[in-house]
$ cat coords_0.txt   # compact mmCIF, C-alpha atoms
# COMPACT_ATOMS: atom_id res chain seq x y z
CA MET W 8 -10.07 -5.94 -2.19
CA THR W 9 -10.01 -9.70 -2.61
CA ARG W 10 -10.69 -12.45 -0.09
CA TYR W 11 -7.64 -13.40 1.90
CA GLU W 12 -7.03 -16.50 3.99
CA GLY W 13 -3.35 -16.12 4.86
CA PRO W 14 -1.73 -14.67 8.00
CA LEU W 15 -3.17 -11.25 8.88
CA ILE W 16 -0.02 -9.83 10.47
CA ASP W 17 3.72 -10.41 10.40
CA ALA W 18 4.37 -13.25 12.84
CA ILE W 19 7.39 -11.58 14.44
CA PRO W 20 7.34 -7.78 14.78
CA ASP W 21 10.42 -6.00 13.44
CA PRO W 22 12.19 -4.06 16.24
CA TYR W 23 12.81 -1.24 13.74
CA TYR W 24 9.08 -0.83 13.14
CA LEU W 25 8.27 -0.86 16.85
CA GLU W 26 11.00 1.65 17.71
CA THR W 27 9.96 3.92 14.84
CA LYS W 28 6.33 3.76 16.00
CA ARG W 29 7.34 4.79 19.52
CA HIS W 30 9.35 7.66 18.07
CA GLU W 31 6.44 8.89 15.94
CA LEU W 32 4.03 8.65 18.86
CA THR W 33 6.41 10.70 21.01
CA LEU W 34 6.50 13.40 18.34
CA LEU W 35 2.89 13.39 17.11
CA GLY W 36 0.93 11.08 19.41
CA PRO W 37 -2.33 13.10 19.64
CA GLU W 38 -2.51 13.24 15.84
CA LEU W 39 -1.74 9.56 15.29
CA PHE W 40 -3.80 7.90 18.03
CA ALA W 41 -7.41 8.50 19.02
CA GLN W 42 -10.10 6.31 20.56
CA HIS W 43 -13.67 6.58 21.77
CA ASP W 44 -13.91 6.24 25.53
CA ALA W 45 -16.39 3.38 25.49
CA LEU W 46 -16.21 0.04 27.23
CA LEU W 47 -17.37 -1.79 24.09
CA THR W 48 -14.55 -0.25 22.06
CA GLN W 49 -12.01 -1.44 24.64
CA GLU W 50 -13.55 -4.92 24.63
CA LEU W 51 -13.39 -5.14 20.84
CA ILE W 52 -9.73 -4.09 20.82
CA CYS W 53 -8.99 -6.78 23.40
CA LYS W 54 -10.92 -9.32 21.34
CA ALA W 55 -8.91 -8.34 18.24
CA ALA W 56 -5.65 -8.76 20.17
CA LEU W 57 -6.72 -12.22 21.28
CA ALA W 58 -7.65 -13.20 17.72
CA LEU W 59 -4.22 -12.04 16.52
CA ASN W 60 -2.49 -14.06 19.27
CA ILE W 61 -0.82 -10.99 20.74
CA PRO W 62 1.13 -11.70 23.98
CA ASN W 63 -0.81 -10.58 27.08
CA ALA W 64 -3.76 -9.78 24.80
CA SER W 65 -6.23 -9.69 27.68
CA ASP W 66 -4.44 -6.60 29.03
CA ILE W 67 -4.69 -4.64 25.77
CA LYS W 68 -7.54 -2.12 25.84
CA SER W 69 -6.18 0.75 23.72
CA MET W 70 -5.45 0.86 20.01
CA LYS W 71 -2.05 2.39 20.73
CA ASP W 72 -1.07 -0.59 22.88
CA LEU W 73 -2.19 -2.94 20.12
CA ALA W 74 -0.30 -1.02 17.41
CA LEU W 75 2.89 -1.16 19.47
CA GLN W 76 2.75 -4.98 19.31
CA LEU W 77 2.60 -5.05 15.50
CA ASN W 78 4.43 -3.94 12.38
CA GLU W 79 0.99 -2.94 11.07
CA ASP W 80 -0.96 0.23 11.83
CA VAL W 81 -4.50 -0.46 13.04
CA ALA W 82 -8.01 1.00 13.07
CA LEU W 83 -11.37 -0.18 14.39
CA LEU W 84 -14.75 0.29 12.70
CA GLU W 85 -17.96 -0.21 14.67
CA ASN W 86 -21.17 -0.12 12.62
CA ASP W 87 -19.32 1.75 9.85
CA ILE W 88 -17.88 4.36 12.25
CA LEU W 89 -14.19 4.74 13.04
CA THR W 90 -14.00 4.42 16.84
CA ALA W 91 -10.28 3.81 17.37
CA ILE W 92 -7.12 4.34 15.33
CA CYS W 93 -3.37 4.26 15.72
CA PHE W 94 -1.65 4.97 12.42
CA CYS W 95 2.00 5.82 13.03
CA PHE W 96 2.82 5.84 9.30
CA PRO W 97 -0.01 7.74 7.57
CA SER W 98 0.11 8.84 3.93
CA SER W 99 -0.45 12.61 3.87
CA TRP W 100 -3.36 12.69 6.34
CA VAL W 101 -3.92 13.11 10.08
CA PRO W 102 -5.39 9.88 11.52
CA ALA W 103 -6.93 11.34 14.69
CA LYS W 104 -9.05 13.75 12.63
CA ARG W 105 -10.93 10.79 11.12
CA LEU W 106 -12.26 9.53 14.48
CA GLY W 107 -16.05 9.35 14.46
CA MET W 108 -16.29 9.35 10.66
CA ALA W 109 -18.12 6.80 8.55
CA LEU W 110 -16.10 5.00 5.88
CA ALA W 111 -17.66 7.15 3.14
CA GLN W 112 -16.46 10.31 4.91
CA ILE W 113 -12.98 8.85 5.32
CA HIS W 114 -12.86 8.11 1.58
CA ARG W 115 -14.23 11.52 0.54
CA PRO W 116 -10.80 13.15 -0.11
CA VAL W 117 -9.72 10.34 -2.45
CA ALA W 118 -9.35 11.58 -6.03
CA ASP W 119 -11.82 10.11 -8.53
CA GLY W 120 -13.35 8.33 -5.57
CA GLU W 121 -17.06 8.74 -6.30
CA ARG W 122 -17.65 5.03 -6.83
CA LEU W 123 -15.61 4.19 -3.75
CA ILE W 124 -17.63 6.63 -1.65
CA GLN W 125 -20.92 5.19 -2.90
CA ALA W 126 -19.73 1.64 -2.19
CA SER W 127 -18.32 2.46 1.26
CA PRO W 128 -21.38 1.41 3.34
CA LYS W 129 -21.42 -1.97 1.57
CA ILE W 130 -17.64 -2.32 1.97
CA ALA W 131 -17.92 -1.63 5.71
CA HIS W 132 -20.70 -4.22 6.01
CA VAL W 133 -18.69 -6.90 4.17
CA MET W 134 -15.54 -6.11 6.20
CA SER W 135 -17.42 -6.81 9.43
CA ASP W 136 -19.20 -9.99 8.32
CA PRO W 137 -17.56 -13.05 9.94
CA GLN W 138 -18.96 -15.27 7.18
CA GLN W 139 -17.07 -13.22 4.58
CA GLY W 140 -13.72 -13.55 6.36
CA SER W 141 -10.77 -11.24 5.70
CA PHE W 142 -9.90 -9.18 2.64
CA ARG W 143 -6.62 -7.74 1.41
CA ARG W 144 -5.49 -5.18 -1.14
CA TYR W 145 -2.25 -3.41 -2.06
CA VAL W 146 -1.90 0.35 -2.60
CA TRP W 147 1.33 1.86 -3.91
CA THR W 148 2.75 5.23 -4.77
CA ILE W 149 6.12 6.86 -5.41
CA SER W 150 7.60 9.26 -2.88
CA ASN W 151 10.59 11.56 -2.53
CA SER W 152 11.12 10.31 1.03
CA PRO W 153 12.37 6.99 2.46
CA GLU W 154 10.50 7.59 5.72
CA LEU W 155 7.68 5.26 6.79
CA SER W 156 5.68 8.23 8.03
CA GLN W 157 4.21 10.57 5.42
CA HIS W 158 2.33 12.69 7.97
CA PRO W 159 1.66 16.17 6.53
CA SER W 160 4.14 17.74 8.96
CA ARG W 161 6.82 15.25 7.93
CA LYS W 162 6.61 15.70 4.17
CA SER W 163 9.95 16.07 2.41
CA ASN W 164 10.69 19.18 0.32
CA VAL W 165 13.41 17.43 -1.67
CA ILE W 166 12.95 17.93 -5.42
CA PRO W 167 13.99 14.66 -7.11
CA SER W 168 16.39 14.94 -10.00
CA GLY W 169 16.49 11.27 -10.91
CA VAL W 170 15.16 7.80 -10.15
CA GLU W 171 17.80 7.43 -7.46
CA ASP W 172 15.99 10.15 -5.48
CA LEU W 173 12.66 8.30 -5.46
CA TYR W 174 11.14 5.59 -3.29
CA PHE W 175 8.45 2.98 -3.84
CA ARG W 176 5.87 3.03 -1.04
CA LEU W 177 3.57 0.06 -0.59
CA GLU W 178 0.63 -0.34 1.78
CA THR W 179 -0.68 -3.87 2.43
CA GLN W 180 -4.23 -3.33 3.72
CA THR W 181 -5.99 -6.23 5.46
CA THR W 182 -9.39 -6.48 7.13
CA MET W 183 -10.51 -8.73 9.98
CA PRO W 184 -14.13 -9.08 11.15
CA ILE W 185 -14.70 -8.98 14.91
CA THR W 186 -17.79 -10.49 16.51
CA SER W 187 -19.57 -7.73 18.41
CA PRO W 188 -22.41 -8.09 20.93
CA VAL W 189 -23.90 -4.92 19.45
CA GLY W 190 -23.97 -4.55 15.67
CA ARG W 191 -20.90 -5.08 13.50
CA ALA W 192 -17.15 -4.45 13.91
CA SER W 193 -13.94 -4.96 11.97
CA LEU W 194 -10.23 -4.32 12.32
CA PHE W 195 -8.29 -2.62 9.53
CA LEU W 196 -4.55 -3.34 9.38
CA VAL W 197 -2.00 -1.53 7.21
CA LYS W 198 1.61 -2.63 6.74
CA VAL W 199 3.77 0.13 5.21
CA GLU W 200 6.95 -0.69 3.31
CA VAL W 201 9.35 1.71 1.58
CA CYS W 202 12.31 0.88 -0.63
CA PRO W 203 14.35 2.70 -3.32
CA LEU W 204 12.46 2.84 -6.59
CA MET W 205 15.64 1.64 -8.29
CA VAL W 206 14.92 -1.84 -6.88
CA PHE W 207 12.06 -2.12 -9.40
CA TRP W 208 13.30 0.30 -12.05
CA GLN W 209 16.18 -1.99 -13.00
CA ASN W 210 13.66 -4.63 -14.08
CA PRO W 211 12.35 -3.66 -17.58
CA GLU W 212 8.97 -5.34 -17.06
CA GLN W 213 8.36 -3.68 -13.70
CA ARG W 214 9.55 -0.33 -15.04
CA THR W 215 7.06 -0.58 -17.91
CA GLN W 216 4.24 -1.46 -15.49
CA ILE W 217 5.01 1.53 -13.25
CA CYS W 218 5.16 3.97 -16.15
CA ALA W 219 1.96 2.61 -17.70
CA SER W 220 0.14 2.94 -14.39
CA ILE W 221 1.27 6.54 -13.87
CA GLN W 222 0.36 7.45 -17.46
CA SER W 223 -3.15 6.09 -16.89
CA MET W 224 -3.78 8.31 -13.85
CA SER W 225 -6.10 11.28 -14.18
CA GLU W 226 -4.99 14.80 -13.31
CA ALA W 227 -7.01 14.57 -10.10
CA VAL W 228 -5.22 11.39 -9.05
CA LEU W 229 -1.81 12.85 -9.91
CA ASP W 230 -2.67 15.87 -7.74
CA TYR W 231 -3.91 13.68 -4.90
CA LYS W 232 -0.78 11.52 -4.96
CA ASN W 233 1.54 14.47 -5.69
CA LEU W 234 2.94 12.66 -8.71
CA HIS W 235 3.08 15.37 -11.39
CA THR W 236 6.81 15.96 -10.96
CA VAL W 237 7.46 12.24 -10.63
CA LYS W 238 5.53 11.49 -13.81
CA THR W 239 7.53 14.04 -15.80
CA LEU W 240 10.81 12.76 -14.42
CA LEU W 241 10.12 9.06 -14.96
CA LEU W 242 8.77 9.39 -18.48
CA LYS W 243 12.01 11.13 -19.48
CA GLN W 244 14.12 8.18 -18.37
$ encode --input "coords_0.txt" --output "structure tokens"
Amino acid sequence: MTRYEGPLIDAIPDPYYLETKRHELTLLGPELFAQHDALLTQELICKAALALNIPNASDIKSMKDLALQLNEDVALLENDILTAICFCFPSSWVPAKRLGMALAQIHRPVADGERLIQASPKIAHVMSDPQQGSFRRYVWTISNSPELSQHPSRKSNVIPSGVEDLYFRLETQTTMPITSPVGRASLFLVKVEVCPLMVFWQNPEQRTQICASIQSMSEAVLDYKNLHTVKTLLLKQ
């Protein structure tokens, strides 16, 4: 992640995102949204809403209510522990199962993630330090589905036969420190975007970058991202 001083969220929520979030919560709500029943957690969510200039922010006490005001999915860390989350568009994991975990535990399934796991306590500390400000990073992968949600129960079984069957999935991950009366806290925001891979594939430079990145991935990372078939297909093009 690198320091980021720009806008933390999209200024105007996209009605498509909000409607899709409501749909996902209707289908899988208990797996997408979870929150500790603590007054401090509610106060921190309200404080985050105020900082983000959300309409009627003082009435927002749940992470689900906050998420339904944003294009971004959201999570709250208090003293390195996940205490609230509403991720309507997860990438092959069940958000509610991570409640109560430290950042190192959340990162444990990540392939080749030993250094990330070791650094997780420091990352959580920096994320929650108001003097450090916000950070942002971008995480991408290639999927066989155009859906925003990649929840395990929503995974597509389509076997791609060409680039036209593949989609570029990008997560813009942004942190925001929150001043807490007890310890440290931070908000974690994730904007998910999906578009046909062909959008980038038609550009020779971008195509070369994608192929080089996939070729550099270890077997563990290819397994984790489910990219073995994609790698074989793309490198034949």
$ axis_aligned_box --input "coords_0.txt" --around "segment 207-211 of chain W" --padding-each-side "6 Å" --output "AutoDock Vina command-line options"
--center_x 14.1 --center_y -2.2 --center_z -13.5 --size_x 16.1 --size_y 16.9 --size_z 20.2
$ atom_distance --input "coords_0.txt" --atom1 "atom CA of Phe175 of chain W" --atom2 "atom CA of Trp147 of chain W"
7.2 Å
$ closest_atom_pairs --input "coords_0.txt" --of "segment 78-183 of chain W" --to "segment 8-28 of chain W" --cutoff "12 Å" --atoms "only C-alpha atoms" --output "CSV"
residue,atom,partner,partner_atom,distance
W:Asn78,CA,W:Pro20,CA,5.4
W:Glu79,CA,W:Ile16,CA,7.0
W:Asp80,CA,W:Lys28,CA,9.1
W:Val81,CA,W:Ile16,CA,10.7
W:Cys93,CA,W:Lys28,CA,9.7
W:Phe94,CA,W:Lys28,CA,8.8
W:Cys95,CA,W:Lys28,CA,5.6
W:Phe96,CA,W:Lys28,CA,7.8
W:Pro97,CA,W:Lys28,CA,11.3
W:Leu123,CA,W:Met8,CA,11.7
W:Ile130,CA,W:Met8,CA,9.4
W:Ala131,CA,W:Met8,CA,11.9
W:Val133,CA,W:Arg10,CA,10.6
W:Met134,CA,W:Met8,CA,10.0
W:Gln138,CA,W:Arg10,CA,11.4
W:Gln139,CA,W:Arg10,CA,7.9
W:Gly140,CA,W:Arg10,CA,7.2
W:Ser141,CA,W:Tyr11,CA,5.4
W:Phe142,CA,W:Arg10,CA,4.3
W:Arg143,CA,W:Met8,CA,5.3
W:Arg144,CA,W:Met8,CA,4.8
W:Tyr145,CA,W:Met8,CA,8.2
W:Val146,CA,W:Met8,CA,10.3
W:Glu154,CA,W:Thr27,CA,9.8
W:Leu155,CA,W:Thr27,CA,8.5
W:Ser156,CA,W:Thr27,CA,9.1
W:Thr179,CA,W:Ile16,CA,10.0
W:Gln180,CA,W:Met8,CA,8.7
W:Thr181,CA,W:Leu15,CA,6.7
W:Thr182,CA,W:Leu15,CA,8.0
W:Met183,CA,W:Leu15,CA,7.8
$ closest_residue --input "coords_0.txt" --among "W:Val165, W:Gln213, W:Ile185, W:Lys68" --to "Leu46 of chain W" --atoms "all atoms listed in the file"
W:Lys68
$ closest_atom_pairs --input "coords_0.txt" --of "segment 47-145 of chain W" --to "segment 229-244 of chain W" --cutoff "10 Å" --atoms "all atoms listed in the file" --output "CSV"
residue,atom,partner,partner_atom,distance
W:Ser98,CA,W:Lys232,CA,9.3
W:Ser99,CA,W:Lys232,CA,8.9
W:Pro116,CA,W:Tyr231,CA,8.4
W:Val117,CA,W:Tyr231,CA,7.1
W:Ala118,CA,W:Tyr231,CA,5.9
W:Asp119,CA,W:Tyr231,CA,9.4
$ decode --input "coords_0.txt" --residues "segment 91-105 of chain W" --atoms "all heavy atoms" --output "short mmCIF file (atom, residue, chain, number, x, y, z; two decimals), in the first residue's frame"
data_model
loop_
_atom_site.label_atom_id
_atom_site.label_comp_id
_atom_site.auth_asym_id
_atom_site.auth_seq_id
_atom_site.Cartn_x
_atom_site.Cartn_y
_atom_site.Cartn_z
N ALA W 91 -16.46 -5.47 12.59
CA ALA W 91 -17.66 -5.27 11.77
C ALA W 91 -17.27 -5.37 10.31
O ALA W 91 -16.19 -4.90 9.91
CB ALA W 91 -18.29 -3.91 12.05
N ILE W 92 -18.14 -5.98 9.50
CA ILE W 92 -17.85 -6.11 8.08
C ILE W 92 -19.15 -6.23 7.30
O ILE W 92 -20.12 -6.83 7.75
CB ILE W 92 -16.95 -7.34 7.81
CG1 ILE W 92 -16.52 -7.38 6.34
CG2 ILE W 92 -17.65 -8.65 8.21
CD1 ILE W 92 -15.40 -8.38 6.06
N CYS W 93 -19.16 -5.60 6.13
CA CYS W 93 -20.23 -5.82 5.16
C CYS W 93 -19.58 -5.81 3.78
O CYS W 93 -19.33 -4.74 3.22
CB CYS W 93 -21.32 -4.76 5.26
SG CYS W 93 -22.74 -5.12 4.18
N PHE W 94 -19.26 -7.00 3.31
CA PHE W 94 -18.66 -7.17 1.99
C PHE W 94 -19.68 -7.89 1.12
O PHE W 94 -19.86 -9.10 1.24
CB PHE W 94 -17.38 -8.02 2.09
CG PHE W 94 -16.12 -7.21 2.25
CD1 PHE W 94 -16.10 -6.07 3.03
CD2 PHE W 94 -14.94 -7.59 1.62
CE1 PHE W 94 -14.94 -5.32 3.20
CE2 PHE W 94 -13.78 -6.85 1.78
CZ PHE W 94 -13.78 -5.71 2.56
N CYS W 95 -20.34 -7.15 0.26
CA CYS W 95 -21.34 -7.74 -0.63
C CYS W 95 -20.71 -8.40 -1.85
O CYS W 95 -21.35 -9.23 -2.49
CB CYS W 95 -22.33 -6.67 -1.08
SG CYS W 95 -23.27 -5.93 0.26
N PHE W 96 -19.45 -8.04 -2.16
CA PHE W 96 -18.78 -8.55 -3.35
C PHE W 96 -17.44 -9.20 -3.00
O PHE W 96 -16.38 -8.76 -3.45
CB PHE W 96 -18.57 -7.41 -4.35
CG PHE W 96 -19.79 -6.58 -4.62
CD1 PHE W 96 -19.73 -5.19 -4.61
CD2 PHE W 96 -21.01 -7.18 -4.88
CE1 PHE W 96 -20.85 -4.43 -4.87
CE2 PHE W 96 -22.16 -6.42 -5.14
CZ PHE W 96 -22.07 -5.04 -5.13
N PRO W 97 -17.46 -10.24 -2.17
CA PRO W 97 -16.20 -10.88 -1.77
C PRO W 97 -15.58 -11.67 -2.91
O PRO W 97 -16.25 -12.02 -3.88
CB PRO W 97 -16.63 -11.81 -0.64
CG PRO W 97 -18.05 -12.17 -0.98
CD PRO W 97 -18.63 -10.93 -1.60
N SER W 98 -14.29 -11.94 -2.77
CA SER W 98 -13.54 -12.73 -3.76
C SER W 98 -13.22 -14.10 -3.19
O SER W 98 -12.17 -14.29 -2.56
CB SER W 98 -12.26 -12.00 -4.17
OG SER W 98 -12.56 -10.78 -4.80
N SER W 99 -14.15 -15.03 -3.34
CA SER W 99 -13.94 -16.44 -2.98
C SER W 99 -13.76 -16.69 -1.48
O SER W 99 -13.06 -17.61 -1.08
CB SER W 99 -12.73 -17.02 -3.73
OG SER W 99 -12.91 -16.86 -5.13
N TRP W 100 -14.39 -15.87 -0.64
CA TRP W 100 -14.34 -16.09 0.80
C TRP W 100 -15.64 -15.60 1.42
O TRP W 100 -16.42 -14.89 0.79
CB TRP W 100 -13.13 -15.40 1.43
CG TRP W 100 -13.02 -13.93 1.16
CD1 TRP W 100 -12.67 -13.32 -0.01
CD2 TRP W 100 -13.25 -12.86 2.09
NE1 TRP W 100 -12.67 -11.96 0.12
CE2 TRP W 100 -13.02 -11.64 1.39
CE3 TRP W 100 -13.61 -12.81 3.43
CZ2 TRP W 100 -13.15 -10.39 2.00
CZ3 TRP W 100 -13.74 -11.57 4.04
CH2 TRP W 100 -13.51 -10.38 3.33
N VAL W 101 -15.90 -16.03 2.66
CA VAL W 101 -17.14 -15.70 3.35
C VAL W 101 -16.83 -14.64 4.40
O VAL W 101 -16.22 -14.93 5.43
CB VAL W 101 -17.75 -16.95 4.01
CG1 VAL W 101 -19.04 -16.59 4.74
CG2 VAL W 101 -18.02 -18.03 2.96
N PRO W 102 -17.23 -13.40 4.18
CA PRO W 102 -16.84 -12.29 5.06
C PRO W 102 -17.20 -12.50 6.53
O PRO W 102 -16.38 -12.23 7.42
CB PRO W 102 -17.61 -11.10 4.47
CG PRO W 102 -17.75 -11.44 3.02
CD PRO W 102 -17.95 -12.92 2.98
N ALA W 103 -18.41 -12.96 6.81
CA ALA W 103 -18.85 -13.07 8.21
C ALA W 103 -17.97 -14.02 9.02
O ALA W 103 -17.86 -13.88 10.24
CB ALA W 103 -20.30 -13.52 8.27
N LYS W 104 -17.33 -14.99 8.36
CA LYS W 104 -16.49 -15.95 9.07
C LYS W 104 -15.20 -15.31 9.58
O LYS W 104 -14.51 -15.92 10.42
CB LYS W 104 -16.16 -17.13 8.17
CG LYS W 104 -17.34 -18.04 7.87
CD LYS W 104 -16.92 -19.26 7.08
CE LYS W 104 -18.10 -20.21 6.85
NZ LYS W 104 -17.71 -21.40 6.06
N ARG W 105 -14.87 -14.12 9.11
CA ARG W 105 -13.64 -13.46 9.54
C ARG W 105 -13.85 -12.58 10.77
O ARG W 105 -12.88 -12.04 11.31
CB ARG W 105 -13.07 -12.61 8.39
CG ARG W 105 -12.88 -13.38 7.09
CD ARG W 105 -11.81 -14.44 7.20
NE ARG W 105 -11.74 -15.29 6.03
CZ ARG W 105 -10.99 -15.05 4.95
NH1 ARG W 105 -10.25 -13.95 4.92
NH2 ARG W 105 -10.98 -15.87 3.94
#
